[in-house]
Amino acid sequence: MEMHDKWMREAILAAKQAEELNEVPIGAVIVWNEQVIGRGYNTRETSFDPTAHAEITAIRQASKALGAWRLLDCTLYVTLEPCPMCAGAIVQARLPKVIYGTPDPKAGCAGTLMNLLQEERFNHQVEVITGVLQMECSELLSQFFRKLRHKTKPL
């Protein structure tokens, strides 16, 4: 678990980069051979791109780093449970393991609303570990939305 904490802290650092841009603070890293080869954070608002999720950016970087679209010996760490789009990309990238911090009750597709990562009808299933540094990941999101609500609250 200590190793998972180490890499999730890297994902949290990525999430904080998103927060600095006033983006929803979600971060992801992909680890291969004990090193980060892909890093991403949410940039949907600043890039005007609905696909600019942390996981997608990290998958693209990792694929370039390895020179392959199959990320067979890699692990994805992400602060928030993957959405349907990201779950699909994870399956397509053949990632063997996903570790996420906090569940997403509105869009989580790694076990909360549905489990696309372990759908037996797909040709690839992903090992899922949940709850790594859950409090920190959850609090990062809660604080962001609390500040956002405070800013938009009429006087």
# chains A, B, ... in the order shown; residues from 1 in each chain; ligands from 1

$ select_by_dssp --residues "chain A" --states "strand (DSSP E)" --output "MDAnalysis selection string"
chainID A and resid 27:32 35:41 75:80 97:102 127:130

$ select_by_dssp --residues "region 81-147 of chain A" --states "alpha helix (DSSP H)" --output "PDB file with all heavy atoms, in the first residue's frame"
ATOM      1  N   PRO A  84     -17.115   7.022 -18.079  1.00  0.00           N
ATOM      2  CA  PRO A  84     -17.259   6.047 -19.161  1.00  0.00           C
ATOM      3  C   PRO A  84     -16.225   6.221 -20.282  1.00  0.00           C
ATOM      4  O   PRO A  84     -15.685   5.237 -20.795  1.00  0.00           O
ATOM      5  CB  PRO A  84     -18.669   6.276 -19.699  1.00  0.00           C
ATOM      6  CG  PRO A  84     -19.375   7.112 -18.713  1.00  0.00           C
ATOM      7  CD  PRO A  84     -18.349   7.762 -17.841  1.00  0.00           C
ATOM      8  N   MET A  85     -15.944   7.460 -20.668  1.00  0.00           N
ATOM      9  CA  MET A  85     -14.974   7.702 -21.729  1.00  0.00           C
ATOM     10  C   MET A  85     -13.586   7.206 -21.323  1.00  0.00           C
ATOM     11  O   MET A  85     -12.911   6.505 -22.094  1.00  0.00           O
ATOM     12  CB  MET A  85     -14.909   9.197 -22.069  1.00  0.00           C
ATOM     13  CG  MET A  85     -13.850   9.542 -23.094  1.00  0.00           C
ATOM     14  SD  MET A  85     -13.697  11.307 -23.401  1.00  0.00           S
ATOM     15  CE  MET A  85     -13.069  11.895 -21.831  1.00  0.00           C
ATOM     16  N   CYS A  86     -13.175   7.562 -20.126  1.00  0.00           N
ATOM     17  CA  CYS A  86     -11.845   7.170 -19.664  1.00  0.00           C
ATOM     18  C   CYS A  86     -11.760   5.669 -19.426  1.00  0.00           C
ATOM     19  O   CYS A  86     -10.736   5.050 -19.734  1.00  0.00           O
ATOM     20  CB  CYS A  86     -11.477   7.949 -18.410  1.00  0.00           C
ATOM     21  SG  CYS A  86     -11.253   9.712 -18.757  1.00  0.00           S
ATOM     22  N   ALA A  87     -12.829   5.084 -18.913  1.00  0.00           N
ATOM     23  CA  ALA A  87     -12.846   3.630 -18.731  1.00  0.00           C
ATOM     24  C   ALA A  87     -12.672   2.932 -20.080  1.00  0.00           C
ATOM     25  O   ALA A  87     -11.918   1.964 -20.197  1.00  0.00           O
ATOM     26  CB  ALA A  87     -14.138   3.192 -18.051  1.00  0.00           C
ATOM     27  N   GLY A  88     -13.330   3.442 -21.105  1.00  0.00           N
ATOM     28  CA  GLY A  88     -13.172   2.880 -22.440  1.00  0.00           C
ATOM     29  C   GLY A  88     -11.750   3.009 -22.945  1.00  0.00           C
ATOM     30  O   GLY A  88     -11.180   2.062 -23.513  1.00  0.00           O
ATOM     31  N   ALA A  89     -11.136   4.158 -22.728  1.00  0.00           N
ATOM     32  CA  ALA A  89      -9.749   4.366 -23.157  1.00  0.00           C
ATOM     33  C   ALA A  89      -8.798   3.451 -22.391  1.00  0.00           C
ATOM     34  O   ALA A  89      -7.838   2.925 -22.962  1.00  0.00           O
ATOM     35  CB  ALA A  89      -9.350   5.829 -22.963  1.00  0.00           C
ATOM     36  N   ILE A  90      -9.069   3.227 -21.123  1.00  0.00           N
ATOM     37  CA  ILE A  90      -8.242   2.344 -20.294  1.00  0.00           C
ATOM     38  C   ILE A  90      -8.297   0.917 -20.841  1.00  0.00           C
ATOM     39  O   ILE A  90      -7.268   0.251 -20.981  1.00  0.00           O
ATOM     40  CB  ILE A  90      -8.699   2.408 -18.820  1.00  0.00           C
ATOM     41  CG1 ILE A  90      -8.316   3.761 -18.226  1.00  0.00           C
ATOM     42  CG2 ILE A  90      -8.144   1.255 -18.010  1.00  0.00           C
ATOM     43  CD1 ILE A  90      -9.055   4.116 -16.947  1.00  0.00           C
ATOM     44  N   VAL A  91      -9.493   0.452 -21.167  1.00  0.00           N
ATOM     45  CA  VAL A  91      -9.652  -0.884 -21.739  1.00  0.00           C
ATOM     46  C   VAL A  91      -8.941  -0.963 -23.084  1.00  0.00           C
ATOM     47  O   VAL A  91      -8.210  -1.916 -23.367  1.00  0.00           O
ATOM     48  CB  VAL A  91     -11.152  -1.262 -21.868  1.00  0.00           C
ATOM     49  CG1 VAL A  91     -11.335  -2.528 -22.693  1.00  0.00           C
ATOM     50  CG2 VAL A  91     -11.784  -1.410 -20.489  1.00  0.00           C
ATOM     51  N   GLN A  92      -9.132   0.055 -23.931  1.00  0.00           N
ATOM     52  CA  GLN A  92      -8.505   0.057 -25.249  1.00  0.00           C
ATOM     53  C   GLN A  92      -6.984   0.088 -25.160  1.00  0.00           C
ATOM     54  O   GLN A  92      -6.302  -0.494 -26.004  1.00  0.00           O
ATOM     55  CB  GLN A  92      -9.002   1.245 -26.077  1.00  0.00           C
ATOM     56  CG  GLN A  92     -10.451   1.124 -26.501  1.00  0.00           C
ATOM     57  CD  GLN A  92     -10.700  -0.098 -27.367  1.00  0.00           C
ATOM     58  OE1 GLN A  92      -9.987  -0.350 -28.333  1.00  0.00           O
ATOM     59  NE2 GLN A  92     -11.713  -0.867 -27.012  1.00  0.00           N
ATOM     60  N   GLN A 134      -8.089   8.147  -0.221  1.00  0.00           N
ATOM     61  CA  GLN A 134      -9.439   8.610  -0.542  1.00  0.00           C
ATOM     62  C   GLN A 134      -9.780   9.943   0.110  1.00  0.00           C
ATOM     63  O   GLN A 134     -10.346  10.824  -0.548  1.00  0.00           O
ATOM     64  CB  GLN A 134     -10.489   7.568  -0.135  1.00  0.00           C
ATOM     65  CG  GLN A 134     -11.898   8.000  -0.491  1.00  0.00           C
ATOM     66  CD  GLN A 134     -12.941   6.934  -0.221  1.00  0.00           C
ATOM     67  OE1 GLN A 134     -12.616   5.794   0.082  1.00  0.00           O
ATOM     68  NE2 GLN A 134     -14.193   7.306  -0.336  1.00  0.00           N
ATOM     69  N   MET A 135      -9.435  10.111   1.363  1.00  0.00           N
ATOM     70  CA  MET A 135      -9.772  11.361   2.050  1.00  0.00           C
ATOM     71  C   MET A 135      -9.115  12.563   1.375  1.00  0.00           C
ATOM     72  O   MET A 135      -9.764  13.580   1.144  1.00  0.00           O
ATOM     73  CB  MET A 135      -9.380  11.293   3.522  1.00  0.00           C
ATOM     74  CG  MET A 135     -10.209  10.321   4.343  1.00  0.00           C
ATOM     75  SD  MET A 135     -11.978  10.698   4.328  1.00  0.00           S
ATOM     76  CE  MET A 135     -12.005  12.180   5.274  1.00  0.00           C
ATOM     77  N   GLU A 136      -7.830  12.444   1.049  1.00  0.00           N
ATOM     78  CA  GLU A 136      -7.140  13.558   0.398  1.00  0.00           C
ATOM     79  C   GLU A 136      -7.730  13.862  -0.976  1.00  0.00           C
ATOM     80  O   GLU A 136      -7.927  15.028  -1.330  1.00  0.00           O
ATOM     81  CB  GLU A 136      -5.642  13.252   0.240  1.00  0.00           C
ATOM     82  CG  GLU A 136      -4.885  13.252   1.548  1.00  0.00           C
ATOM     83  CD  GLU A 136      -4.737  11.863   2.158  1.00  0.00           C
ATOM     84  OE1 GLU A 136      -5.722  11.079   2.167  1.00  0.00           O
ATOM     85  OE2 GLU A 136      -3.646  11.559   2.646  1.00  0.00           O
ATOM     86  N   CYS A 137      -8.011  12.815  -1.739  1.00  0.00           N
ATOM     87  CA  CYS A 137      -8.568  13.001  -3.082  1.00  0.00           C
ATOM     88  C   CYS A 137      -9.966  13.622  -3.011  1.00  0.00           C
ATOM     89  O   CYS A 137     -10.284  14.542  -3.765  1.00  0.00           O
ATOM     90  CB  CYS A 137      -8.625  11.667  -3.818  1.00  0.00           C
ATOM     91  SG  CYS A 137      -6.999  10.960  -4.192  1.00  0.00           S
ATOM     92  N   SER A 138     -10.761  13.138  -2.103  1.00  0.00           N
ATOM     93  CA  SER A 138     -12.120  13.647  -1.927  1.00  0.00           C
ATOM     94  C   SER A 138     -12.114  15.093  -1.452  1.00  0.00           C
ATOM     95  O   SER A 138     -12.868  15.935  -1.947  1.00  0.00           O
ATOM     96  CB  SER A 138     -12.870  12.757  -0.937  1.00  0.00           C
ATOM     97  OG  SER A 138     -14.159  13.249  -0.713  1.00  0.00           O
ATOM     98  N   GLU A 139     -11.258  15.387  -0.489  1.00  0.00           N
ATOM     99  CA  GLU A 139     -11.186  16.738   0.073  1.00  0.00           C
ATOM    100  C   GLU A 139     -10.719  17.764  -0.960  1.00  0.00           C
ATOM    101  O   GLU A 139     -11.198  18.894  -0.979  1.00  0.00           O
ATOM    102  CB  GLU A 139     -10.282  16.756   1.309  1.00  0.00           C
ATOM    103  CG  GLU A 139     -10.350  18.028   2.109  1.00  0.00           C
ATOM    104  CD  GLU A 139     -11.746  18.390   2.617  1.00  0.00           C
ATOM    105  OE1 GLU A 139     -12.571  17.479   2.856  1.00  0.00           O
ATOM    106  OE2 GLU A 139     -12.022  19.605   2.760  1.00  0.00           O
ATOM    107  N   LEU A 140      -9.825  17.371  -1.824  1.00  0.00           N
ATOM    108  CA  LEU A 140      -9.359  18.252  -2.892  1.00  0.00           C
ATOM    109  C   LEU A 140     -10.537  18.696  -3.762  1.00  0.00           C
ATOM    110  O   LEU A 140     -10.695  19.887  -4.060  1.00  0.00           O
ATOM    111  CB  LEU A 140      -8.312  17.518  -3.738  1.00  0.00           C
ATOM    112  CG  LEU A 140      -7.495  18.304  -4.729  1.00  0.00           C
ATOM    113  CD1 LEU A 140      -6.681  19.392  -4.048  1.00  0.00           C
ATOM    114  CD2 LEU A 140      -6.568  17.361  -5.483  1.00  0.00           C
ATOM    115  N   LEU A 141     -11.384  17.757  -4.115  1.00  0.00           N
ATOM    116  CA  LEU A 141     -12.566  18.071  -4.924  1.00  0.00           C
ATOM    117  C   LEU A 141     -13.584  18.885  -4.125  1.00  0.00           C
ATOM    118  O   LEU A 141     -14.126  19.871  -4.625  1.00  0.00           O
ATOM    119  CB  LEU A 141     -13.204  16.784  -5.442  1.00  0.00           C
ATOM    120  CG  LEU A 141     -12.407  16.066  -6.524  1.00  0.00           C
ATOM    121  CD1 LEU A 141     -12.855  14.619  -6.654  1.00  0.00           C
ATOM    122  CD2 LEU A 141     -12.532  16.798  -7.841  1.00  0.00           C
ATOM    123  N   SER A 142     -13.830  18.481  -2.899  1.00  0.00           N
ATOM    124  CA  SER A 142     -14.808  19.190  -2.057  1.00  0.00           C
ATOM    125  C   SER A 142     -14.419  20.648  -1.850  1.00  0.00           C
ATOM    126  O   SER A 142     -15.254  21.548  -1.955  1.00  0.00           O
ATOM    127  CB  SER A 142     -14.945  18.508  -0.693  1.00  0.00           C
ATOM    128  OG  SER A 142     -15.488  17.229  -0.837  1.00  0.00           O
ATOM    129  N   GLN A 143     -13.152  20.882  -1.547  1.00  0.00           N
ATOM    130  CA  GLN A 143     -12.689  22.257  -1.342  1.00  0.00           C
ATOM    131  C   GLN A 143     -12.822  23.082  -2.618  1.00  0.00           C
ATOM    132  O   GLN A 143     -13.216  24.247  -2.570  1.00  0.00           O
ATOM    133  CB  GLN A 143     -11.230  22.268  -0.870  1.00  0.00           C
ATOM    134  CG  GLN A 143     -11.044  21.845   0.551  1.00  0.00           C
ATOM    135  CD  GLN A 143      -9.573  21.804   0.944  1.00  0.00           C
ATOM    136  OE1 GLN A 143      -8.684  22.137   0.178  1.00  0.00           O
ATOM    137  NE2 GLN A 143      -9.325  21.368   2.171  1.00  0.00           N
ATOM    138  N   PHE A 144     -12.499  22.487  -3.749  1.00  0.00           N
ATOM    139  CA  PHE A 144     -12.609  23.195  -5.023  1.00  0.00           C
ATOM    140  C   PHE A 144     -14.050  23.637  -5.265  1.00  0.00           C
ATOM    141  O   PHE A 144     -14.315  24.804  -5.578  1.00  0.00           O
ATOM    142  CB  PHE A 144     -12.132  22.298  -6.168  1.00  0.00           C
ATOM    143  CG  PHE A 144     -12.328  22.916  -7.520  1.00  0.00           C
ATOM    144  CD1 PHE A 144     -11.429  23.859  -8.006  1.00  0.00           C
ATOM    145  CD2 PHE A 144     -13.408  22.560  -8.312  1.00  0.00           C
ATOM    146  CE1 PHE A 144     -11.616  24.437  -9.257  1.00  0.00           C
ATOM    147  CE2 PHE A 144     -13.604  23.132  -9.562  1.00  0.00           C
ATOM    148  CZ  PHE A 144     -12.703  24.070 -10.037  1.00  0.00           C
ATOM    149  N   PHE A 145     -14.996  22.724  -5.109  1.00  0.00           N
ATOM    150  CA  PHE A 145     -16.394  23.061  -5.376  1.00  0.00           C
ATOM    151  C   PHE A 145     -16.967  23.996  -4.314  1.00  0.00           C
ATOM    152  O   PHE A 145     -17.803  24.836  -4.618  1.00  0.00           O
ATOM    153  CB  PHE A 145     -17.238  21.795  -5.543  1.00  0.00           C
ATOM    154  CG  PHE A 145     -16.975  21.109  -6.854  1.00  0.00           C
ATOM    155  CD1 PHE A 145     -16.377  19.871  -6.891  1.00  0.00           C
ATOM    156  CD2 PHE A 145     -17.302  21.735  -8.052  1.00  0.00           C
ATOM    157  CE1 PHE A 145     -16.118  19.243  -8.107  1.00  0.00           C
ATOM    158  CE2 PHE A 145     -17.046  21.124  -9.269  1.00  0.00           C
ATOM    159  CZ  PHE A 145     -16.460  19.879  -9.295  1.00  0.00           C
ATOM    160  N   ARG A 146     -16.461  23.887  -3.087  1.00  0.00           N
ATOM    161  CA  ARG A 146     -16.880  24.819  -2.029  1.00  0.00           C
ATOM    162  C   ARG A 146     -16.450  26.243  -2.393  1.00  0.00           C
ATOM    163  O   ARG A 146     -17.241  27.191  -2.300  1.00  0.00           O
ATOM    164  CB  ARG A 146     -16.258  24.392  -0.699  1.00  0.00           C
ATOM    165  CG  ARG A 146     -16.929  24.972   0.526  1.00  0.00           C
ATOM    166  CD  ARG A 146     -16.353  24.391   1.826  1.00  0.00           C
ATOM    167  NE  ARG A 146     -16.526  22.951   1.917  1.00  0.00           N
ATOM    168  CZ  ARG A 146     -15.523  22.062   2.074  1.00  0.00           C
ATOM    169  NH1 ARG A 146     -14.266  22.455   2.177  1.00  0.00           N
ATOM    170  NH2 ARG A 146     -15.769  20.777   2.152  1.00  0.00           N
ATOM    171  N   LYS A 147     -15.211  26.401  -2.834  1.00  0.00           N
ATOM    172  CA  LYS A 147     -14.714  27.720  -3.252  1.00  0.00           C
ATOM    173  C   LYS A 147     -15.490  28.229  -4.462  1.00  0.00           C
ATOM    174  O   LYS A 147     -15.821  29.420  -4.541  1.00  0.00           O
ATOM    175  CB  LYS A 147     -13.227  27.647  -3.613  1.00  0.00           C
ATOM    176  CG  LYS A 147     -12.303  27.474  -2.450  1.00  0.00           C
ATOM    177  CD  LYS A 147     -10.864  27.345  -2.952  1.00  0.00           C
ATOM    178  CE  LYS A 147      -9.948  26.801  -1.889  1.00  0.00           C
ATOM    179  NZ  LYS A 147      -8.601  26.518  -2.425  1.00  0.00           N
TER     180      LYS A 147
END

$ closest_atom_pairs --of "region 66-97 of chain A" --to "region 16-40 of chain A" --cutoff "8 Å" --atoms "only C-alpha atoms" --output "tab-separated table"
residue	atom	partner	partner_atom	distance
A:Asp73	CA	A:Trp32	CA	6.4
A:Cys74	CA	A:Trp32	CA	4.8
A:Thr75	CA	A:Val31	CA	5.2
A:Leu76	CA	A:Ile30	CA	4.5
A:Tyr77	CA	A:Val29	CA	5.3
A:Val78	CA	A:Ala28	CA	4.2
A:Thr79	CA	A:Gly27	CA	5.7
A:Leu80	CA	A:Ile26	CA	6.4

$ write_last_selection --atoms "C-alpha atoms" --output "compact mmCIF listing (two decimals), in the first residue's frame"
# COMPACT_ATOMS: atom_id res chain seq x y z
CA ASP A 73 2.99 -3.45 -17.92
CA CYS A 74 1.71 -0.13 -16.62
CA THR A 75 -0.46 1.02 -13.74
CA LEU A 76 -2.75 4.04 -13.85
CA TYR A 77 -3.26 6.06 -10.67
CA VAL A 78 -6.08 8.60 -10.76
CA THR A 79 -7.59 10.74 -8.01
CA LEU A 80 -11.21 10.22 -9.13

$ atom_distance --atom1 "CA of His4 (chain A)" --atom2 "CA of Gly131 (chain A)"
10.4 Å

$ residues_around --residues "Glu81 (chain A)" --least-positions-apart "2" --cutoff "6 Å" --atoms "only C-alpha atoms" --output "count of residues only"
4

$ residues_around --residues "Ala107 (chain A)" --least-positions-apart "5" --cutoff "8 Å" --atoms "only C-alpha atoms" --output "number ranges by chain"
A: 82-84, 112-113

$ residues_around --residues "Val126 (chain A)" --least-positions-apart "2" --cutoff "7 Å" --atoms "only C-alpha atoms" --output "PDB file with N, CA and C atoms, in the first residue's frame"
ATOM      1  N   LEU A  95      -4.490  -1.358 -20.291  1.00  0.00           N
ATOM      2  CA  LEU A  95      -3.888  -1.161 -18.968  1.00  0.00           C
ATOM      3  C   LEU A  95      -4.326  -2.305 -18.056  1.00  0.00           C
ATOM      4  N   PRO A  96      -3.408  -2.960 -17.391  1.00  0.00           N
ATOM      5  CA  PRO A  96      -3.795  -4.085 -16.539  1.00  0.00           C
ATOM      6  C   PRO A  96      -4.344  -3.691 -15.165  1.00  0.00           C
ATOM      7  N   LYS A  97      -3.984  -2.472 -14.693  1.00  0.00           N
ATOM      8  CA  LYS A  97      -4.385  -2.113 -13.329  1.00  0.00           C
ATOM      9  C   LYS A  97      -4.679  -0.625 -13.240  1.00  0.00           C
ATOM     10  N   VAL A  98      -5.796  -0.314 -12.558  1.00  0.00           N
ATOM     11  CA  VAL A  98      -6.179   1.068 -12.262  1.00  0.00           C
ATOM     12  C   VAL A  98      -6.380   1.189 -10.769  1.00  0.00           C
ATOM     13  N   LEU A 117     -14.610  -1.408 -16.552  1.00  0.00           N
ATOM     14  CA  LEU A 117     -13.233  -1.914 -16.520  1.00  0.00           C
ATOM     15  C   LEU A 117     -13.171  -3.431 -16.334  1.00  0.00           C
ATOM     16  N   GLN A 118     -14.217  -4.005 -15.785  1.00  0.00           N
ATOM     17  CA  GLN A 118     -14.213  -5.453 -15.561  1.00  0.00           C
ATOM     18  C   GLN A 118     -15.371  -6.141 -16.275  1.00  0.00           C
ATOM     19  N   HIS A 124     -10.721  -7.364 -22.754  1.00  0.00           N
ATOM     20  CA  HIS A 124      -9.710  -7.036 -21.746  1.00  0.00           C
ATOM     21  C   HIS A 124     -10.420  -6.575 -20.477  1.00  0.00           C
ATOM     22  N   VAL A 128      -8.870  -3.483 -10.472  1.00  0.00           N
ATOM     23  CA  VAL A 128      -9.215  -2.181  -9.901  1.00  0.00           C
ATOM     24  C   VAL A 128      -8.967  -2.201  -8.399  1.00  0.00           C
TER      25      VAL A 128
END
